[in-house]
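data_18.txt (compact mmCIF, C-alpha atoms) appears below.
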```txt
# COMPACT_ATOMS: atom_id res chain seq x y z
CA MET A 1 11.22 -10.66 16.81
CA ASN A 2 11.69 -7.55 18.92
CA ASN A 3 10.87 -4.65 16.60
CA SER A 4 13.81 -2.52 17.79
CA THR A 5 15.89 -3.59 14.79
CA GLU A 6 13.18 -2.56 12.37
CA LEU A 7 12.72 0.69 14.28
CA ASN A 8 16.42 1.44 13.82
CA GLN A 9 16.00 0.84 10.09
CA LEU A 10 13.01 3.18 10.04
CA LEU A 11 14.89 5.92 11.87
CA GLN A 12 17.73 5.67 9.37
CA VAL A 13 15.36 6.20 6.44
CA ALA A 14 13.47 8.90 8.31
CA GLY A 15 16.71 10.69 9.06
CA GLU A 16 17.65 10.68 5.38
CA SER A 17 14.13 11.89 4.56
CA MET A 18 14.58 15.06 6.58
CA ALA A 19 16.52 16.53 3.63
CA VAL A 20 13.75 15.88 1.08
CA SER A 21 11.99 18.91 -0.44
CA CYS A 22 8.52 18.68 -1.95
CA HIS A 23 8.37 17.71 -5.63
CA ALA A 24 4.70 18.58 -6.23
CA VAL A 25 3.72 19.99 -9.63
CA PRO A 26 0.46 21.74 -10.65
CA THR A 27 -0.41 19.03 -13.17
CA TRP A 28 0.90 15.58 -12.34
CA GLN A 29 0.92 13.78 -15.69
CA ILE A 30 1.56 10.02 -15.43
CA PRO A 31 1.57 8.20 -18.77
CA GLY A 32 0.72 4.51 -18.99
CA TYR A 33 3.71 2.34 -18.15
CA TYR A 34 3.20 -0.03 -21.05
CA PHE A 35 3.07 2.87 -23.53
CA ASP A 36 5.73 5.22 -22.13
CA ALA A 37 7.81 3.49 -19.46
CA ALA A 38 10.41 6.25 -19.21
CA GLY A 39 7.81 8.99 -18.88
CA HIS A 40 5.84 6.96 -16.36
CA LEU A 41 8.87 6.31 -14.16
CA ALA A 42 10.04 9.92 -14.27
CA ALA A 43 6.60 11.26 -13.32
CA LYS A 44 6.11 8.70 -10.58
CA ARG A 45 9.44 9.55 -8.99
CA LEU A 46 8.07 12.96 -7.97
CA MET A 47 5.72 11.48 -5.41
CA GLU A 48 7.81 8.39 -4.69
CA ALA A 49 10.40 10.56 -2.96
CA ASP A 50 7.81 12.61 -1.06
CA ALA A 51 5.61 9.69 -0.03
CA GLN A 52 8.62 7.82 1.34
CA ALA A 53 9.79 10.89 3.26
CA ALA A 54 6.33 11.78 4.60
CA TYR A 55 5.43 8.23 5.65
CA THR A 56 8.74 7.37 7.29
CA THR A 57 9.03 10.66 9.19
CA ALA A 58 5.41 10.39 10.34
CA LEU A 59 5.97 6.82 11.51
CA ALA A 60 9.19 7.89 13.22
CA TYR A 61 7.23 10.63 15.01
CA ARG A 62 4.68 8.07 16.19
CA TYR A 63 7.43 5.99 17.78
CA THR A 64 9.72 8.73 19.08
CA GLY A 65 7.51 11.76 19.66
CA GLU A 66 10.18 13.99 18.06
CA PRO A 67 8.33 17.01 16.60
CA GLY A 68 10.88 17.54 13.83
CA TYR A 69 9.71 14.35 12.14
CA ALA A 70 6.08 15.48 12.23
CA ASP A 71 7.03 18.92 10.92
CA LYS A 72 8.77 17.37 7.89
CA ALA A 73 5.73 15.22 7.12
CA ILE A 74 3.47 18.29 7.38
CA GLU A 75 5.75 20.23 5.03
CA LEU A 76 5.42 17.55 2.35
CA LEU A 77 1.67 17.07 2.77
CA HIS A 78 1.16 20.82 2.61
CA GLY A 79 3.31 21.07 -0.49
CA TRP A 80 1.17 18.66 -2.48
CA ALA A 81 -2.08 20.08 -1.09
CA THR A 82 -1.23 23.63 -2.17
CA VAL A 83 0.63 23.04 -5.45
CA ASN A 84 -1.06 20.10 -7.19
CA LYS A 85 -4.33 20.90 -8.94
CA GLU A 86 -4.74 18.09 -11.44
CA LEU A 87 -3.94 14.45 -12.13
CA ALA A 88 -3.55 13.42 -15.75
CA GLY A 89 -2.36 10.52 -17.88
CA ASP A 90 -3.52 6.94 -18.24
CA ASP A 91 -1.87 5.77 -15.00
CA GLY A 92 -2.78 8.82 -12.93
CA PRO A 93 -5.61 7.11 -11.02
CA LEU A 94 -3.58 4.02 -10.09
CA VAL A 95 -0.28 5.70 -9.20
CA SER A 96 -1.97 8.44 -7.19
CA ALA A 97 -3.74 5.72 -5.21
CA TYR A 98 -0.77 3.49 -4.42
CA LEU A 99 1.56 6.41 -3.65
CA GLY A 100 -1.00 8.91 -2.39
CA VAL A 101 -2.20 6.48 0.25
CA GLY A 102 1.27 6.82 1.74
CA LEU A 103 0.52 10.50 2.30
CA ILE A 104 -2.82 9.62 3.88
CA GLN A 105 -1.15 7.12 6.20
CA ALA A 106 1.37 9.80 7.13
CA ALA A 107 -1.50 12.18 7.89
CA GLU A 108 -3.14 9.55 10.10
CA LEU A 109 0.10 9.00 12.01
CA ILE A 110 0.49 12.71 12.83
CA ASN A 111 -3.21 13.50 13.16
CA ASN A 112 -2.93 14.34 16.85
CA TYR A 113 0.28 16.35 16.55
CA PRO A 114 -0.46 19.78 18.05
CA GLY A 115 1.75 21.51 15.51
CA TRP A 116 -0.49 20.56 12.57
CA ARG A 117 -2.92 23.44 12.23
CA LYS A 118 -6.56 22.68 11.56
CA GLU A 119 -6.62 24.89 8.46
CA ASP A 120 -3.67 22.97 6.99
CA LYS A 121 -5.39 19.64 7.70
CA ASN A 122 -8.44 20.99 5.89
CA LEU A 123 -6.30 21.98 2.90
CA PHE A 124 -4.94 18.44 2.74
CA VAL A 125 -8.45 16.96 2.88
CA CYS A 126 -9.68 19.39 0.20
CA TRP A 127 -6.84 18.37 -2.11
CA MET A 128 -7.46 14.69 -1.53
CA THR A 129 -11.23 14.92 -2.01
CA GLY A 130 -11.07 17.42 -4.88
CA VAL A 131 -8.17 16.10 -6.95
CA CYS A 132 -7.43 12.49 -6.00
CA LEU A 133 -10.71 10.95 -4.81
CA PRO A 134 -12.64 11.54 -8.09
CA GLN A 135 -9.87 9.70 -9.96
CA TRP A 136 -9.97 6.74 -7.58
CA ASP A 137 -13.74 6.53 -7.40
CA HIS A 138 -14.17 6.35 -11.18
CA ILE A 139 -11.64 3.61 -11.89
CA PRO A 140 -13.54 1.23 -14.21
CA LEU A 141 -11.22 -1.76 -13.80
CA ARG A 142 -11.90 -4.37 -11.14
CA ASN A 143 -8.40 -5.82 -10.90
CA ASN A 144 -5.54 -4.52 -8.73
CA TRP A 145 -6.56 -0.96 -9.69
CA TRP A 146 -9.78 -1.31 -7.72
CA SER A 147 -7.96 -2.93 -4.81
CA TRP A 148 -5.75 0.15 -4.55
CA SER A 149 -8.74 2.47 -4.95
CA LEU A 150 -10.58 0.80 -2.08
CA TYR A 151 -7.55 0.93 0.19
CA ALA A 152 -6.95 4.61 -0.60
CA GLN A 153 -10.59 5.55 -0.10
CA LEU A 154 -10.92 3.64 3.16
CA SER A 155 -7.74 5.28 4.45
CA LEU A 156 -8.99 8.73 3.46
CA PHE A 157 -12.45 8.31 4.99
CA ARG A 158 -10.90 6.96 8.20
CA PHE A 159 -8.70 10.04 8.40
CA MET A 160 -11.71 12.29 7.73
CA ASP A 161 -13.79 10.36 10.30
CA ASP A 162 -16.47 10.03 7.63
CA LYS A 163 -18.29 6.99 9.01
CA THR A 164 -20.95 6.88 6.30
CA ARG A 165 -18.60 6.76 3.35
CA PHE A 166 -16.25 4.46 5.23
CA ALA A 167 -19.07 1.96 5.71
CA GLU A 168 -19.95 2.19 2.02
CA GLU A 169 -16.39 1.31 1.05
CA VAL A 170 -16.33 -1.61 3.49
CA THR A 171 -19.33 -2.98 1.60
CA HIS A 172 -17.49 -2.45 -1.70
CA LEU A 173 -14.41 -4.18 -0.28
CA LYS A 174 -16.44 -7.25 0.63
CA GLU A 175 -18.00 -7.30 -2.81
CA HIS A 176 -14.58 -7.02 -4.40
CA ILE A 177 -13.22 -9.94 -2.41
CA ASP A 178 -16.21 -12.03 -3.45
CA ASP A 179 -15.81 -11.05 -7.11
CA SER A 180 -12.02 -11.05 -7.50
CA VAL A 181 -10.96 -14.26 -5.72
CA ALA A 182 -11.64 -17.61 -7.33
CA ALA A 183 -12.43 -20.70 -5.28
CA SER A 184 -8.94 -21.95 -6.21
CA GLY A 185 -7.36 -18.87 -4.63
CA PHE A 186 -6.20 -17.39 -7.92
CA LEU A 187 -7.28 -13.91 -8.99
CA PRO A 188 -8.78 -14.35 -12.47
CA GLU A 189 -8.24 -10.69 -13.44
CA GLU A 190 -4.50 -11.12 -12.79
CA THR A 191 -3.92 -14.58 -14.27
CA THR A 192 -3.88 -13.11 -17.79
CA ARG A 193 -0.90 -10.82 -17.14
CA GLY A 194 1.68 -13.05 -18.81
CA GLN A 195 5.07 -13.33 -17.14
CA LYS A 196 4.06 -10.78 -14.51
CA SER A 197 0.89 -12.51 -13.37
CA ILE A 198 2.44 -13.69 -10.10
CA TRP A 199 3.56 -10.10 -9.45
CA TYR A 200 0.05 -8.81 -10.10
CA HIS A 201 -1.38 -11.34 -7.65
CA TYR A 202 0.89 -9.84 -5.00
CA PHE A 203 0.10 -6.31 -6.17
CA ALA A 204 -3.63 -6.92 -5.71
CA LEU A 205 -3.41 -8.79 -2.41
CA ALA A 206 -1.16 -6.22 -0.72
CA PRO A 207 -3.74 -3.39 -0.85
CA LEU A 208 -6.61 -5.75 -0.07
CA THR A 209 -4.95 -6.94 3.13
CA ALA A 210 -3.92 -3.38 4.03
CA ALA A 211 -7.52 -2.26 3.51
CA MET A 212 -8.70 -5.05 5.80
CA LYS A 213 -6.24 -3.81 8.44
CA VAL A 214 -7.73 -0.30 8.15
CA VAL A 215 -11.21 -1.76 8.63
CA HIS A 216 -10.14 -3.76 11.67
CA ASP A 217 -8.38 -0.78 13.24
CA THR A 218 -11.40 1.45 12.63
CA THR A 219 -14.41 -0.69 13.47
CA GLY A 220 -13.00 -3.91 14.93
CA GLU A 221 -14.51 -6.00 12.10
CA ASN A 222 -12.21 -8.89 11.22
CA LEU A 223 -12.25 -9.51 7.48
CA PHE A 224 -9.11 -11.63 7.63
CA ASP A 225 -11.23 -14.55 8.81
CA TRP A 226 -14.34 -13.52 6.87
CA THR A 227 -15.87 -15.73 4.18
CA SER A 228 -17.97 -14.05 1.52
CA PRO A 229 -21.47 -15.17 0.47
CA GLY A 230 -19.80 -16.84 -2.50
CA GLY A 231 -17.45 -18.80 -0.25
CA LYS A 232 -14.38 -16.63 -0.96
CA ASN A 233 -11.77 -15.57 1.56
CA ILE A 234 -8.40 -13.86 1.49
CA LYS A 235 -6.53 -16.64 3.32
CA THR A 236 -7.13 -19.00 0.40
CA ALA A 237 -5.69 -16.43 -2.01
CA LEU A 238 -2.70 -15.83 0.25
CA ASP A 239 -2.02 -19.55 0.59
CA THR A 240 -2.20 -19.99 -3.17
CA LEU A 241 0.36 -17.23 -3.77
CA PHE A 242 2.49 -18.54 -0.91
CA TYR A 243 2.68 -22.03 -2.41
CA TYR A 244 4.43 -20.73 -5.52
CA ALA A 245 6.44 -17.95 -3.84
CA ASP A 246 7.90 -20.56 -1.48
CA GLY A 247 10.37 -21.96 -4.01
CA ARG A 248 7.88 -23.20 -6.62
CA VAL A 249 7.69 -20.29 -9.05
CA GLU A 250 8.48 -22.63 -11.93
CA GLU A 251 5.19 -24.46 -11.22
CA TRP A 252 3.10 -21.29 -11.69
CA PRO A 253 0.34 -22.43 -14.07
CA ASN A 254 -0.28 -19.06 -15.78
CA ASP A 255 2.65 -18.56 -18.18
CA LYS A 256 6.13 -19.80 -17.42
CA GLU A 257 9.29 -17.79 -16.70
CA GLN A 258 7.53 -15.55 -14.22
CA SER A 259 9.18 -12.32 -13.15
CA PHE A 260 10.06 -12.98 -9.51
CA PRO A 261 12.75 -11.59 -7.18
CA ALA A 262 15.88 -13.70 -7.15
CA PRO A 263 17.23 -13.80 -4.59
CA LEU A 264 14.61 -12.73 -2.09
CA ALA A 265 15.69 -9.94 0.25
CA ALA A 266 14.34 -7.70 3.00
CA ASP A 267 13.29 -5.12 0.41
CA THR A 268 11.67 -7.40 -2.19
CA TRP A 269 8.10 -8.55 -2.64
CA PRO A 270 6.27 -10.67 -1.51
CA LEU A 271 8.11 -10.82 1.82
CA ASP A 272 6.43 -7.63 3.05
CA LEU A 273 3.02 -9.22 2.46
CA PHE A 274 3.82 -12.47 4.24
CA GLU A 275 5.61 -10.68 7.09
CA ALA A 276 2.41 -8.74 7.75
CA MET A 277 0.23 -11.80 7.35
CA SER A 278 2.44 -13.82 9.69
CA LYS A 279 1.33 -11.36 12.40
CA VAL A 280 -2.34 -11.75 11.47
CA TYR A 281 -2.62 -15.51 11.02
CA LYS A 282 0.26 -16.80 13.16
CA ASP A 283 0.87 -19.22 10.30
CA PRO A 284 4.13 -21.13 10.93
CA GLU A 285 4.74 -21.52 7.20
CA TYR A 286 4.57 -17.78 6.64
CA GLU A 287 6.89 -17.34 9.61
CA ARG A 288 9.36 -19.84 8.17
CA LEU A 289 9.53 -17.97 4.86
CA VAL A 290 10.05 -14.49 6.23
CA SER A 291 12.15 -15.03 9.36
CA PRO A 292 15.55 -15.36 7.62
CA TYR A 293 15.12 -11.95 5.95
CA ARG A 294 14.17 -9.80 8.92
CA PRO A 295 14.01 -6.89 9.44
CA ILE A 296 11.77 -6.60 6.37
CA THR A 297 11.35 -2.99 5.29
CA GLY A 298 9.15 -3.03 2.19
CA ASN A 299 9.29 -3.57 -1.54
CA LEU A 300 11.67 -1.15 -3.26
CA ASN A 301 11.09 -0.06 -6.84
CA ILE A 302 14.27 -1.22 -8.57
CA ASN A 303 13.94 1.62 -11.09
CA SER A 304 14.07 4.38 -8.48
CA GLY A 305 15.21 2.99 -5.14
CA TYR A 306 12.07 4.28 -3.41
CA TYR A 307 9.28 2.18 -1.97
CA GLN A 308 6.98 0.91 -4.71
CA SER A 309 3.68 1.49 -2.91
CA TYR A 310 2.19 2.03 0.54
CA ALA A 311 0.34 -1.06 1.64
CA LEU A 312 3.00 -2.78 3.74
CA ILE A 313 6.02 -0.60 4.55
CA PHE A 314 7.82 -1.61 7.76
CA PRO A 315 5.17 -4.29 8.33
CA GLU A 316 6.53 -5.36 11.73
CA LEU A 317 5.85 -1.85 13.02
CA GLN A 318 2.66 -1.37 11.03
CA PHE A 319 1.07 -4.56 12.32
CA SER A 320 2.24 -4.23 15.90
CA LYS A 321 0.03 -2.40 18.38
CA ARG A 322 0.83 1.29 18.68
```

Full structure transcribed into structure tokens:
Amino acid sequence: MNNSTELNQLLQVAGESMAVSCHAVPTWQIPGYYFDAAGHLAAKRLMEADAQAAYTTALAYRYTGEPGYADKAIELLHGWATVNKELAGDDGPLVSAYLGVGLIQAAELINNYPGWRKEDKNLFVCWMTGVCLPQWDHIPLRNNWWSWSLYAQLSLFRFMDDKTRFAEEVTHLKEHIDDSVAASGFLPEETTRGQKSIWYHYFALAPLTAAMKVVHDTTGENLFDWTSPGGKNIKTALDTLFYYADGRVEEWPNDKEQSFPAPLAADTWPLDLFEAMSKVYKDPEYERLVSPYRPITGNLNINSGYYQSYALIFPELQFSKR
């Protein structure tokens, strides 16, 4: 598909984002979703709005060269970098990774914009390394939380051009793939999540594949076709999820009555994942699933109307050569 249709969709969202003002707070307190859903959703909405605005305007700048888009992204990045001093709450590490990486991707997209002053870039890096990175680096879980941590850290170290720490996280990513994917393609850490276990498979694979894209773009190493020392690879995990997402959700072996989008649409998971992977693998089955829903924009959080996370937003544009 020519990506002009998806670009038009992006420019519409970016245009709406030009009116967004920064919602940063000194202490960003994010309670655990399963203990305080209302509090979690309200706190998360602060960065959901800003991450969507920063990412879409930065991506619009990359495609159009219009400085106003870059200036809006800078305004939002600067707002969080100067206002926020602390992350708190049980879900602070996870949410700051899967939304904060949207800010990092925005920063990467406008990195060469002459209007972004070096001192303001340094403020952004200081906030990320001083407030966010310690939270991500000390996540004890090795499920989707660690997948998001690795993706966020790799994105940050790429932006910082920190080759040493980037290489360290590539090693950790390979270890995580080896440890988290079973030979069957299931993710054992996510199979125990009851009626949301199929969702959590998607929610772990999205950041893993996005992290692999960051690695490929940075060093040229292709982890999409890589097999670990333990015989694990991401394609097997993707194919396993695809089998059930492709009209066989009722066959999911880990708890019945799975929570799954019905009907599928351009802004529902897992279409964003398989749209991106259709570009990587040229798999005709992936192509068959996603083609009726194009242009695919990204998974929207039904509770807020903003994008849920920042692995695969506007995947046609993200996975095309820029």

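Atom CA of Pro93 of chain A lies 20.2 Å from atom CA of Ala54 of chain A.
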
Nearest-residue call for Ala73 of chain A, choices A:Asp50, A:Glu287, A:Glu175, A:Asp90, using all atoms listed in the file: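 Once distances to Ala73 of chain A are computed over all atoms listed in the file, the minimum belongs to A:Asp50.
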
Non-local contacts of Ile104 of chain A (9 Å; all atoms listed in the file; under 2 positions in same chain excluded) as a PyMOL selection string: chain A and resi 55+77+100-102+106-109+128+152+155-156+159

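Of the listed residues A:Leu289, A:Leu173, A:Met47, A:Ile74, the one whose atoms come nearest to Tyr98 of chain A is A:Met47, with distances taken using all atoms listed in the file.
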
Shell around Pro315 of chain A at 8 Å using only C-alpha atoms, local window under 5 positions removed, as a list in words: Asp272, Leu273, Glu275, Ala276, Ile296, Thr297 and Gly298 of chain A

Two-atom distance - atom CA of Val13 of chain A, atom CA of Thr56 of chain A (Å):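 Going from atom CA of Val13 of chain A over to atom CA of Thr56 of chain A covers 6.8 Å.
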
Long-range neighbours of Arg248 of chain A as a CSV table (one decimal) with C-alpha atoms, keeping the file's coordinate frame, 12 Å cut-off, all atoms listed in the file, 5 positions minimum in chain:
```csv
chain,number,residue,atom,x,y,z
A,198,ILE,CA,2.4,-13.7,-10.1
A,240,THR,CA,-2.2,-20.0,-3.2
A,241,LEU,CA,0.4,-17.2,-3.8
A,242,PHE,CA,2.5,-18.5,-0.9
A,243,TYR,CA,2.7,-22.0,-2.4
A,253,PRO,CA,0.3,-22.4,-14.1
A,256,LYS,CA,6.1,-19.8,-17.4
A,257,GLU,CA,9.3,-17.8,-16.7
A,258,GLN,CA,7.5,-15.6,-14.2
A,260,PHE,CA,10.1,-13.0,-9.5
```

For segment 241-252 of chain A, what centre and edge lengths in Å (one decimal) does the axis-aligned box get once 8 Å is added on each side of all its listed atoms, as JSON?
```
{"center_x": 5.4, "center_y": -20.8, "center_z": -6.4, "size_x": 26.0, "size_y": 23.2, "size_z": 27.0}
```

Selection as a ChimeraX atom specification: residues within 10 Å of (3.1, 2.2, -16.1), counting all atoms listed in the file: /A:30-41,44,90-92,94-95

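Comparing the minimum interatomic distances between Glu168 of chain A and each of A:Val215, A:Ser4, A:Met277, A:Thr191, counting all atoms listed in the file, we find that A:Val215 sits nearest.
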
For Ala266 of chain A, the nearest of the candidates A:Tyr244, A:Glu6, A:Cys132, A:Glu75, counting all atoms listed in the file: A:Glu6

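Of note, atom CA of Tyr151 of chain A and atom CA of Ala58 of chain A are spaced 19.0 Å apart.
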